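Chemist: Coordinates in query16.cif, mmCIF, C-alpha atoms and all ligand atoms, are listed below.
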```
data_start
#
loop_
_atom_site.label_atom_id
_atom_site.label_comp_id
_atom_site.auth_asym_id
_atom_site.auth_seq_id
_atom_site.Cartn_x
_atom_site.Cartn_y
_atom_site.Cartn_z
CA MET A 151 -9.73 16.75 -37.86
CA TYR A 152 -13.44 16.79 -37.06
CA SER A 153 -16.09 19.50 -36.84
CA PHE A 154 -18.95 20.38 -34.52
CA SER A 155 -21.66 23.04 -34.38
CA PHE A 156 -21.45 25.66 -31.66
CA THR A 157 -23.30 28.69 -30.33
CA LYS A 158 -21.38 31.56 -28.80
CA MET A 159 -23.29 33.16 -25.92
CA HIS A 160 -22.49 35.60 -23.14
CA GLY A 161 -23.84 36.79 -19.83
CA LEU A 162 -22.65 40.36 -19.23
CA GLY A 163 -19.62 39.78 -21.46
CA ASN A 164 -18.61 36.50 -19.77
CA SER A 165 -18.59 34.50 -23.00
CA TYR A 166 -18.42 30.77 -23.66
CA ILE A 167 -18.65 28.50 -26.66
CA TYR A 168 -21.72 26.33 -26.07
CA VAL A 169 -21.94 22.86 -27.60
CA ASP A 170 -25.28 21.06 -27.57
CA LEU A 171 -24.53 17.45 -26.65
CA PHE A 172 -28.17 16.53 -27.36
CA ARG A 173 -27.06 16.83 -31.03
CA GLU A 174 -23.25 16.59 -31.03
CA THR A 175 -20.72 14.17 -29.57
CA LEU A 176 -17.30 15.25 -28.28
CA PRO A 177 -14.56 12.91 -26.98
CA GLU A 178 -14.35 13.15 -23.18
CA ASP A 179 -10.55 12.99 -23.04
CA GLU A 180 -10.18 15.91 -25.48
CA LEU A 181 -12.55 18.33 -23.73
CA PRO A 182 -9.77 20.33 -21.99
CA ALA A 183 -7.88 20.72 -25.30
CA ILE A 184 -11.08 21.67 -27.15
CA ALA A 185 -11.80 24.32 -24.49
CA ARG A 186 -8.31 25.82 -24.87
CA CYS A 187 -8.62 25.83 -28.68
CA VAL A 188 -12.08 27.41 -28.99
CA ALA A 189 -11.24 30.02 -26.33
CA ASP A 190 -8.14 31.28 -28.16
CA VAL A 191 -8.96 34.67 -29.66
CA HIS A 192 -6.30 34.36 -32.40
CA THR A 193 -6.57 30.77 -33.59
CA GLY A 194 -9.96 29.77 -32.18
CA ILE A 195 -13.28 31.55 -31.73
CA GLY A 196 -12.42 33.60 -28.64
CA SER A 197 -14.18 33.09 -25.30
CA ASP A 198 -13.67 32.56 -21.57
CA GLY A 199 -14.05 28.81 -22.12
CA LEU A 200 -16.35 26.01 -23.23
CA ILE A 201 -19.79 25.03 -21.90
CA LEU A 202 -21.46 21.73 -22.71
CA ILE A 203 -25.26 21.48 -22.73
CA CYS A 204 -25.82 17.82 -21.87
CA PRO A 205 -28.63 15.33 -21.29
CA SER A 206 -29.14 14.56 -17.59
CA GLU A 207 -30.73 11.77 -15.58
CA GLN A 208 -31.76 14.17 -12.81
CA ALA A 209 -33.03 17.21 -14.72
CA PRO A 210 -34.07 18.18 -18.25
CA VAL A 211 -30.56 19.50 -18.91
CA LYS A 212 -27.04 19.51 -17.44
CA MET A 213 -24.26 22.12 -17.70
CA ARG A 214 -20.52 21.36 -17.73
CA ILE A 215 -18.06 24.27 -17.83
CA PHE A 216 -14.39 24.33 -18.86
CA ASN A 217 -12.28 27.42 -18.26
CA SER A 218 -10.03 28.81 -21.04
CA ASP A 219 -7.01 26.95 -19.57
CA GLY A 220 -8.91 23.65 -19.99
CA SER A 221 -9.67 23.09 -16.28
CA GLU A 222 -13.21 22.01 -15.44
CA GLY A 223 -15.23 24.21 -13.06
CA LYS A 224 -18.12 22.96 -10.95
CA ASN A 225 -20.45 25.90 -11.44
CA CYS A 226 -20.93 29.03 -13.56
CA GLY A 227 -23.64 31.62 -12.87
CA ASN A 228 -23.46 33.38 -16.23
CA GLY A 229 -23.29 30.00 -17.94
CA LEU A 230 -26.44 28.81 -16.16
CA ARG A 231 -28.44 31.77 -17.46
CA CYS A 232 -27.20 31.09 -21.01
CA VAL A 233 -27.92 27.35 -20.74
CA ALA A 234 -31.44 28.19 -19.52
CA LYS A 235 -31.99 30.52 -22.49
CA TYR A 236 -30.65 27.92 -24.93
CA ALA A 237 -32.70 25.08 -23.41
CA TYR A 238 -35.94 27.09 -23.61
CA GLU A 239 -35.37 28.55 -27.09
CA HIS A 240 -34.31 25.16 -28.55
CA GLY A 241 -37.23 23.21 -27.08
CA ILE A 242 -35.14 21.13 -24.66
CA VAL A 243 -37.61 22.39 -22.05
CA ARG A 244 -41.15 23.68 -22.54
CA ASP A 245 -41.86 25.12 -19.06
CA ARG A 246 -40.46 28.50 -18.05
CA SER A 247 -39.23 27.03 -14.74
CA PHE A 248 -36.98 23.99 -14.76
CA LEU A 249 -33.99 22.36 -13.10
CA ILE A 250 -30.42 22.35 -14.40
CA GLU A 251 -27.86 19.82 -13.17
CA THR A 252 -24.33 21.07 -12.46
CA LEU A 253 -21.29 19.30 -11.01
CA SER A 254 -22.16 20.96 -7.70
CA GLY A 255 -25.83 19.92 -7.69
CA LEU A 256 -29.24 20.90 -9.06
CA VAL A 257 -30.33 24.54 -9.47
CA ALA A 258 -33.72 25.96 -10.44
CA ALA A 259 -33.95 28.40 -13.36
CA GLU A 260 -36.84 30.58 -14.47
CA VAL A 261 -36.80 32.39 -17.81
CA ALA A 262 -38.56 35.67 -18.68
CA VAL A 263 -39.76 35.53 -22.30
CA GLU A 264 -40.77 38.24 -24.80
CA ASN A 265 -41.91 37.26 -28.31
CA GLY A 266 -40.49 33.77 -27.87
CA GLU A 267 -37.06 35.09 -26.87
CA VAL A 268 -35.60 34.74 -23.38
CA THR A 269 -34.73 38.25 -22.14
CA SER A 270 -33.57 37.50 -18.62
CA VAL A 271 -33.12 34.53 -16.33
CA THR A 272 -33.42 34.07 -12.58
CA VAL A 273 -31.45 31.21 -11.07
CA ASP A 274 -31.86 29.92 -7.53
CA MET A 275 -28.20 29.15 -6.90
CA GLY A 276 -28.90 27.32 -3.64
CA LYS A 277 -27.12 27.76 -0.32
CA PRO A 278 -23.56 29.08 -0.10
CA LEU A 279 -21.07 26.83 1.69
CA LEU A 280 -19.17 28.74 4.34
CA ARG A 281 -17.10 26.22 6.30
CA ARG A 282 -13.40 26.60 5.60
CA SER A 283 -13.08 22.97 4.51
CA ALA A 284 -15.95 23.41 2.01
CA ILE A 285 -14.27 26.34 0.20
CA PRO A 286 -11.79 24.49 0.33
CA MET A 287 -9.14 26.43 2.28
CA THR A 288 -6.48 25.10 4.64
CA GLY A 289 -6.63 25.96 8.35
CA PRO A 290 -8.74 25.04 11.38
CA GLU A 291 -11.87 23.01 10.49
CA ALA A 292 -15.43 24.24 11.19
CA GLU A 293 -14.53 27.92 10.99
CA GLN A 294 -15.91 30.42 8.55
CA VAL A 295 -13.41 32.65 6.78
CA VAL A 296 -14.82 36.13 7.41
CA ALA A 297 -12.59 39.24 7.51
CA GLU A 298 -9.61 36.98 8.17
CA SER A 299 -6.15 38.45 7.83
CA PHE A 300 -4.23 37.09 4.86
CA ALA A 301 -0.62 37.91 4.03
CA ILE A 302 0.54 37.57 0.43
CA GLY A 303 3.03 39.18 -1.93
CA GLY A 304 4.45 41.39 0.82
CA GLY A 305 1.00 42.84 1.71
CA GLU A 306 -1.51 42.18 4.50
CA TYR A 307 -5.21 41.96 3.53
CA GLU A 308 -8.58 40.89 4.96
CA ILE A 309 -10.43 38.16 3.09
CA THR A 310 -13.82 36.48 3.19
CA ALA A 311 -14.22 33.08 1.47
CA VAL A 312 -17.48 31.65 0.09
CA SER A 313 -18.26 28.58 -2.00
CA MET A 314 -21.12 28.80 -4.48
CA GLY A 315 -20.34 25.23 -5.55
CA ASN A 316 -17.01 26.72 -6.69
CA PRO A 317 -14.47 28.60 -4.55
CA HIS A 318 -14.39 32.39 -4.16
CA VAL A 319 -12.37 34.81 -2.07
CA ILE A 320 -13.43 38.43 -1.62
CA PHE A 321 -11.18 41.45 -1.00
CA TYR A 322 -12.80 44.82 -0.18
CA VAL A 323 -11.24 47.86 -1.85
CA ASP A 324 -11.87 51.62 -1.54
CA GLU A 325 -11.82 52.34 -5.29
CA ILE A 326 -12.75 49.58 -7.73
CA GLU A 327 -10.73 51.15 -10.58
CA LYS A 328 -7.57 50.76 -8.50
CA ALA A 329 -8.23 47.12 -7.47
CA PRO A 330 -5.08 44.99 -7.99
CA VAL A 331 -6.95 42.50 -10.19
CA THR A 332 -4.07 41.48 -12.47
CA THR A 333 -1.35 41.51 -9.81
CA LEU A 334 -3.01 40.04 -6.69
CA GLY A 335 -5.54 37.96 -8.70
CA PRO A 336 -3.11 35.39 -10.18
CA LEU A 337 -1.08 35.18 -6.94
CA VAL A 338 -4.13 34.39 -4.81
CA GLU A 339 -5.65 32.04 -7.42
CA LYS A 340 -2.65 29.70 -7.13
CA ASP A 341 -1.92 30.19 -3.41
CA PRO A 342 -1.49 26.77 -1.70
CA ARG A 343 -3.91 27.80 1.08
CA PHE A 344 -6.58 27.20 -1.62
CA PRO A 345 -5.80 23.58 -2.62
CA GLU A 346 -8.23 23.65 -5.58
CA GLY A 347 -7.36 27.23 -6.60
CA VAL A 348 -9.83 30.07 -6.15
CA ASN A 349 -11.76 32.76 -8.03
CA VAL A 350 -10.59 36.15 -6.75
CA GLU A 351 -13.05 39.04 -6.39
CA PHE A 352 -12.52 42.72 -5.57
CA VAL A 353 -15.53 44.58 -4.20
CA GLU A 354 -16.20 48.24 -3.47
CA VAL A 355 -19.31 48.83 -1.34
CA VAL A 356 -21.32 51.72 -2.84
CA ASN A 357 -24.12 51.54 -0.26
CA GLU A 358 -26.29 48.89 1.48
CA ARG A 359 -27.87 47.86 -1.84
CA GLU A 360 -25.06 48.28 -4.38
CA LEU A 361 -21.60 46.84 -4.96
CA HIS A 362 -18.91 47.43 -7.59
CA PHE A 363 -17.17 44.19 -8.57
CA ARG A 364 -14.13 43.04 -10.58
CA VAL A 365 -12.83 39.52 -10.92
CA TRP A 366 -9.81 37.34 -11.65
CA GLU A 367 -11.31 33.94 -12.48
CA ARG A 368 -9.65 30.66 -11.69
CA GLY A 369 -8.59 29.15 -15.02
CA SER A 370 -9.59 32.14 -17.16
CA GLY A 371 -8.04 35.31 -15.65
CA VAL A 372 -9.82 38.65 -16.01
CA THR A 373 -13.38 38.30 -17.26
CA GLN A 374 -16.13 40.87 -17.73
CA ALA A 375 -18.39 39.16 -15.19
CA CYS A 376 -18.66 36.16 -12.89
CA GLY A 377 -22.16 35.16 -11.75
CA THR A 378 -21.11 32.83 -8.94
CA GLY A 379 -18.54 35.45 -7.90
CA ALA A 380 -21.20 38.16 -7.71
CA CYS A 381 -23.36 35.83 -5.57
CA ALA A 382 -20.35 35.15 -3.32
CA ALA A 383 -19.72 38.91 -3.04
CA VAL A 384 -23.31 39.49 -1.86
CA VAL A 385 -23.03 36.68 0.73
CA ALA A 386 -19.65 38.04 1.91
CA SER A 387 -21.10 41.54 2.20
CA VAL A 388 -23.95 40.29 4.43
CA LEU A 389 -21.45 38.34 6.58
CA ASN A 390 -19.35 41.49 6.95
CA GLY A 391 -22.38 43.67 7.85
CA LYS A 392 -22.08 45.76 4.70
CA THR A 393 -25.42 44.80 3.07
CA ALA A 394 -28.69 43.34 4.38
CA ARG A 395 -29.84 39.71 4.25
CA GLY A 396 -33.07 39.29 2.24
CA ALA A 397 -32.62 42.56 0.33
CA GLU A 398 -31.99 42.88 -3.41
CA THR A 399 -28.41 43.98 -4.06
CA VAL A 400 -27.33 45.31 -7.45
CA VAL A 401 -23.83 44.20 -8.37
CA HIS A 402 -22.12 46.37 -10.99
CA LEU A 403 -19.70 44.22 -13.00
CA ALA A 404 -17.48 45.31 -15.90
CA GLY A 405 -20.05 43.87 -18.35
CA GLY A 406 -23.24 45.15 -16.65
CA ASP A 407 -25.47 44.56 -13.64
CA LEU A 408 -26.80 41.51 -11.76
CA THR A 409 -29.53 41.63 -9.12
CA ILE A 410 -28.82 39.22 -6.27
CA THR A 411 -30.57 38.35 -3.01
CA TRP A 412 -29.37 36.09 -0.21
CA GLY A 413 -32.79 35.08 1.09
CA HIS A 414 -33.80 34.34 4.67
CA ASP A 415 -34.41 30.74 3.47
CA GLY A 416 -30.64 30.50 2.94
CA ASN A 417 -30.74 30.44 -0.86
CA VAL A 418 -29.04 32.93 -3.18
CA ARG A 419 -31.05 34.12 -6.18
CA MET A 420 -29.50 35.84 -9.18
CA THR A 421 -31.28 37.64 -12.03
CA GLY A 422 -29.59 38.89 -15.19
CA PRO A 423 -29.41 38.76 -18.97
CA ALA A 424 -28.20 36.06 -21.37
CA GLU A 425 -27.34 36.78 -25.01
CA THR A 426 -26.69 34.75 -28.14
CA VAL A 427 -23.80 36.09 -30.25
CA CYS A 428 -23.54 33.73 -33.22
CA THR A 429 -23.64 30.12 -34.32
CA GLY A 430 -21.18 28.26 -36.52
CA VAL A 431 -19.14 25.18 -37.23
CA TYR A 432 -15.75 24.70 -35.56
CA TYR A 433 -13.00 22.62 -37.21
CA TYR A 434 -10.97 20.93 -34.47
CA ARG A 435 -7.49 19.78 -35.45
CA GLY A 436 -6.60 17.72 -32.42
CA GLY A 437 -5.21 20.46 -30.26
CA GLN A 438 -3.18 22.02 -33.11
CA ASN A 439 -5.54 24.98 -33.52
CA GLY A 440 -4.43 26.89 -30.48
N1 LIG B 501 -17.68 32.71 -15.00
C1 LIG B 501 -18.30 31.83 -14.11
C2 LIG B 501 -17.46 30.91 -13.28
C3 LIG B 501 -16.64 29.96 -14.16
C4 LIG B 501 -15.88 28.90 -13.39
C5 LIG B 501 -14.79 29.44 -12.50
N2 LIG B 501 -13.74 30.13 -13.23
C6 LIG B 501 -14.20 28.28 -11.67
O1 LIG B 501 -13.21 27.68 -12.07
O2 LIG B 501 -14.75 28.03 -10.59
C7 LIG B 501 -19.53 32.40 -13.44
O3 LIG B 501 -20.21 33.21 -14.08
O4 LIG B 501 -19.88 32.00 -12.33
#
```
Represent the structure of the file as structure tokens.
Modeler:
Amino acid sequence: MYSFSFTKMHGLGNSYIYVDLFRETLPEDELPAIARCVADVHTGIGSDGLILICPSEQAPVKMRIFNSDGSEGKNCGNGLRCVAKYAYEHGIVRDRSFLIETLSGLVAAEVAVENGEVTSVTVDMGKPLLRRSAIPMTGPEAEQVVAESFAIGGGEYEITAVSMGNPHVIFYVDEIEKAPVTTLGPLVEKDPRFPEGVNVEFVEVVNERELHFRVWERGSGVTQACGTGACAAVVASVLNGKTARGAETVVHLAGGDLTITWGHDGNVRMTGPAETVCTGVYYYRGGQNG
């Protein structure tokens, strides 16, 4: 058994246990088991997974994210805002604008500060990847997956696929409350046409500037919010002619709102809150906790 300090944070209810690897050390081969244990609401702390705040050779700070099933993701929009808040408030960075390294590359974060506390964060999430092979999704190379027909579970749907450094597939629905999140979500997540799995998003278009959004996350299931998913939904909505490129779009998620723009420069920018819930010490019993 060993113990480590943690901070629980959330972005719009998408919560993770954050461990500061500037101060703590965790064994690499046990990270998936630690993620599963801390995420367990009954025998752990309760979260959508684990996020490590790490030293980096390319930026002042690096983020690694593990879903609640222990799988490692390559990017996390809500996590990036929380890492930015943590890094600024704990003196890892002194400037309000700084880079964060992720497994899918470097992103630029800018924090808004009131009385020393970070109240919201804007992250330049970079350019979405749209080629089928970059999602990745099986099928003919060099094509984008926009309003493509997709048969699954006895139904026929239209999908649009976008990578924000991690894979997303978007289904449009007429009424967000009736979206088949818990039935279609897990089926699509594990469908072999997505060889690395996929985050599954359901979107109702309110108007040219507003979307309703619900998500089934790869490796975590239903969550209150998914930042990269909301960015992917905005990109998909431009590609489908439902919203305008270069305009701010408000995405209404179960946990609150994000403001997202797919700029004419090709980059997607996301602004939203980041909150600290609590800090504590976790006693890890070698995978026996959860
Ligand atoms: N909640 C995140 C995304 C977390 C990773 C995702 N489940 C994956 O495996 O790609 C977000 O806010 O973007």
Chemist: Can you pull out every residue within 7 Å of Gly220 (chain A), counting all atoms listed in the file, but drop anything in the same chain fewer than 4 positions away, and send it as number ranges by chain?
Modeler: A: 182-183, 185-186, 216
Chemist: Could you list, as a list in words, every residue within 12 Å of Val191 (chain A), counting all atoms listed in the file and ignoring same-chain residues fewer than 6 positions away?
Modeler: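 In the requested format, the answer is Ser165, Tyr166, Ile167, Ala185, Ser197, Asp198, Gly199, Ser218, Asn439 and Gly440 of chain A.
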Chemist: Suppose we keep C-alpha atoms; can you now write the selection as a PDB file, in the coordinates of the input?
Modeler:
```
ATOM      1  CA  SER A 165     -18.590  34.500 -23.000  1.00  0.00           C
ATOM      2  CA  TYR A 166     -18.420  30.770 -23.660  1.00  0.00           C
ATOM      3  CA  ILE A 167     -18.650  28.500 -26.660  1.00  0.00           C
ATOM      4  CA  ALA A 185     -11.800  24.320 -24.490  1.00  0.00           C
ATOM      5  CA  SER A 197     -14.180  33.090 -25.300  1.00  0.00           C
ATOM      6  CA  ASP A 198     -13.670  32.560 -21.570  1.00  0.00           C
ATOM      7  CA  GLY A 199     -14.050  28.810 -22.120  1.00  0.00           C
ATOM      8  CA  SER A 218     -10.030  28.810 -21.040  1.00  0.00           C
ATOM      9  CA  ASN A 439      -5.540  24.980 -33.520  1.00  0.00           C
ATOM     10  CA  GLY A 440      -4.430  26.890 -30.480  1.00  0.00           C
TER      11      GLY A 440
END
```
Chemist: For region 416-422 of chain A, work out the shell of residues within 10 Å, counting only C-alpha atoms and skipping chain neighbours fewer than 3 positions away, then give it as a ChimeraX atom specification.
Modeler: /A:161-162,227-228,231,258-261,269-278,314,377-378,380-382,384-385,395-396,398-400,406-413
Chemist: Residues within 7 Å of ligand LIG 501 (chain B) should be enumerated using only C-alpha atoms and all ligand atoms and returned as a PyMOL selection string.
Modeler: chain A and resi 164+215+217+222-229+316-317+348-349+367-370+375-379
Chemist: Counting only C-alpha atoms, what is within 10 Å of Glu293 (chain A), bar same-chain residues fewer than 4 positions away, as number ranges by chain?
Modeler: A: 280-283, 289
Chemist: How many Å lie between CA of Gln294 (chain A) and CA of Thr310 (chain A), rounded to one decimal?
Modeler: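 Between these atoms lies a distance of 8.4 Å.
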Chemist: Rounded to one decimal, what separation in Å do you get between CA of Val365 (chain A) and CA of Phe352 (chain A)?
Modeler: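 That distance, rounded to one decimal, is 6.2 Å.
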Chemist: Identify which of the residues A:Val350, A:Val257, A:Val388, A:Ala397 lies closest to Gly315 (chain A), counting all atoms listed in the file when measuring atom-to-atom distances.
Modeler: A:Val257
Chemist: Would you compute the distance between CA of Tyr432 (chain A) and CA of Ile195 (chain A)? Give it in Å to one decimal.
Modeler: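 Computed distance, CA of Tyr432 (chain A) to CA of Ile195 (chain A), equals 8.2 Å.
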Chemist: As JSON, what would the box around region 292-310 of chain A look like: edges along x, y and z, 4 Å added on every side, centre and edge lengths in Å to one decimal?
Modeler:
```
{"center_x": -5.7, "center_y": 33.5, "center_z": 4.6, "size_x": 28.4, "size_y": 26.6, "size_z": 21.1}
```
Chemist: Give as a list in words each residue that has an atom at most 9 Å from (-8.2, 16.2, -33.3) in the file, counting all atoms listed in the file.
Modeler: Met151, Tyr152, Glu180, Ile184, Tyr433, Tyr434, Arg435, Gly436, Gly437 and Gln438 of chain A
Chemist: Name the closest residue to Glu174 (chain A) among the candidates A:Pro286, A:Val431, A:Asn265, A:Thr193; distances are taken between atoms, counting all atoms listed in the file.
Modeler: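 Nearest candidate to Glu174 (chain A) out of A:Pro286, A:Val431, A:Asn265, A:Thr193: A:Val431.
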Chemist: For Ser387 (chain A), which of A:Arg173, A:Arg364, A:Arg359, A:Lys235 is the closest residue, counting all atoms listed in the file?
Modeler: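 Between A:Arg173, A:Arg364, A:Arg359, A:Lys235, the residue approaching Ser387 (chain A) most closely is A:Arg359.
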Chemist: Since the input has fewer atoms than a full residue there, write region 309-336 of chain A out with N, CA and C atoms, as a JSON list (two decimals), keeping the file's coordinate frame.
Modeler:
```
[["chain", "number", "residue", "atom", "x", "y", "z"],
["A", 309, "ILE", "N", -9.67, 38.90, 4.10],
["A", 309, "ILE", "CA", -10.43, 38.16, 3.09],
["A", 309, "ILE", "C", -11.67, 37.51, 3.71],
["A", 310, "THR", "N", -12.65, 37.28, 2.84],
["A", 310, "THR", "CA", -13.82, 36.48, 3.19],
["A", 310, "THR", "C", -13.95, 35.43, 2.09],
["A", 311, "ALA", "N", -14.15, 34.15, 2.47],
["A", 311, "ALA", "CA", -14.22, 33.08, 1.47],
["A", 311, "ALA", "C", -15.60, 32.44, 1.48],
["A", 312, "VAL", "N", -16.12, 32.19, 0.27],
["A", 312, "VAL", "CA", -17.48, 31.65, 0.09],
["A", 312, "VAL", "C", -17.43, 30.63, -1.04],
["A", 313, "SER", "N", -18.09, 29.49, -0.86],
["A", 313, "SER", "CA", -18.26, 28.58, -2.00],
["A", 313, "SER", "C", -19.69, 28.67, -2.51],
["A", 314, "MET", "N", -19.81, 28.88, -3.83],
["A", 314, "MET", "CA", -21.12, 28.80, -4.48],
["A", 314, "MET", "C", -21.15, 27.52, -5.32],
["A", 315, "GLY", "N", -20.56, 26.47, -4.77],
["A", 315, "GLY", "CA", -20.34, 25.23, -5.55],
["A", 315, "GLY", "C", -18.96, 25.29, -6.17],
["A", 316, "ASN", "N", -18.39, 26.49, -6.28],
["A", 316, "ASN", "CA", -17.01, 26.72, -6.69],
["A", 316, "ASN", "C", -16.42, 27.75, -5.73],
["A", 317, "PRO", "N", -15.08, 27.79, -5.61],
["A", 317, "PRO", "CA", -14.47, 28.60, -4.55],
["A", 317, "PRO", "C", -14.28, 30.07, -4.92],
["A", 318, "HIS", "N", -14.55, 30.94, -3.95],
["A", 318, "HIS", "CA", -14.39, 32.39, -4.16],
["A", 318, "HIS", "C", -13.75, 33.01, -2.93],
["A", 319, "VAL", "N", -12.91, 34.02, -3.17],
["A", 319, "VAL", "CA", -12.37, 34.81, -2.07],
["A", 319, "VAL", "C", -12.58, 36.28, -2.41],
["A", 320, "ILE", "N", -13.03, 37.03, -1.40],
["A", 320, "ILE", "CA", -13.43, 38.43, -1.62],
["A", 320, "ILE", "C", -12.49, 39.36, -0.86],
["A", 321, "PHE", "N", -11.99, 40.37, -1.59],
["A", 321, "PHE", "CA", -11.18, 41.45, -1.00],
["A", 321, "PHE", "C", -11.99, 42.74, -1.14],
["A", 322, "TYR", "N", -12.14, 43.51, -0.07],
["A", 322, "TYR", "CA", -12.80, 44.82, -0.18],
["A", 322, "TYR", "C", -11.76, 45.88, -0.52],
["A", 323, "VAL", "N", -12.15, 46.78, -1.44],
["A", 323, "VAL", "CA", -11.24, 47.86, -1.85],
["A", 323, "VAL", "C", -11.99, 49.19, -1.74],
["A", 324, "ASP", "N", -11.23, 50.30, -1.64],
["A", 324, "ASP", "CA", -11.87, 51.62, -1.54],
["A", 324, "ASP", "C", -12.31, 52.13, -2.91],
["A", 325, "GLU", "N", -11.49, 51.86, -3.93],
["A", 325, "GLU", "CA", -11.82, 52.34, -5.29],
["A", 325, "GLU", "C", -11.66, 51.18, -6.26],
["A", 326, "ILE", "N", -12.75, 50.79, -6.88],
["A", 326, "ILE", "CA", -12.75, 49.58, -7.73],
["A", 326, "ILE", "C", -11.77, 49.72, -8.90],
["A", 327, "GLU", "N", -11.63, 50.96, -9.42],
["A", 327, "GLU", "CA", -10.73, 51.15, -10.58],
["A", 327, "GLU", "C", -9.28, 50.83, -10.20],
["A", 328, "LYS", "N", -8.97, 50.99, -8.91],
["A", 328, "LYS", "CA", -7.57, 50.76, -8.50],
["A", 328, "LYS", "C", -7.36, 49.36, -7.93],
["A", 329, "ALA", "N", -8.36, 48.48, -8.02],
["A", 329, "ALA", "CA", -8.23, 47.12, -7.47],
["A", 329, "ALA", "C", -7.08, 46.38, -8.16],
["A", 330, "PRO", "N", -6.24, 45.67, -7.41],
["A", 330, "PRO", "CA", -5.08, 44.99, -7.99],
["A", 330, "PRO", "C", -5.45, 43.66, -8.66],
["A", 331, "VAL", "N", -6.39, 43.72, -9.61],
["A", 331, "VAL", "CA", -6.95, 42.50, -10.19],
["A", 331, "VAL", "C", -5.88, 41.64, -10.86],
["A", 332, "THR", "N", -5.03, 42.27, -11.67],
["A", 332, "THR", "CA", -4.07, 41.48, -12.47],
["A", 332, "THR", "C", -2.77, 41.18, -11.72],
["A", 333, "THR", "N", -2.56, 41.81, -10.58],
["A", 333, "THR", "CA", -1.35, 41.51, -9.81],
["A", 333, "THR", "C", -1.67, 40.54, -8.67],
["A", 334, "LEU", "N", -2.65, 40.91, -7.81],
["A", 334, "LEU", "CA", -3.01, 40.04, -6.69],
["A", 334, "LEU", "C", -3.82, 38.82, -7.17],
["A", 335, "GLY", "N", -4.66, 39.03, -8.21],
["A", 335, "GLY", "CA", -5.54, 37.96, -8.70],
["A", 335, "GLY", "C", -4.80, 36.65, -8.96],
["A", 336, "PRO", "N", -3.79, 36.65, -9.87],
["A", 336, "PRO", "CA", -3.11, 35.39, -10.18],
["A", 336, "PRO", "C", -2.33, 34.81, -9.00]]
```
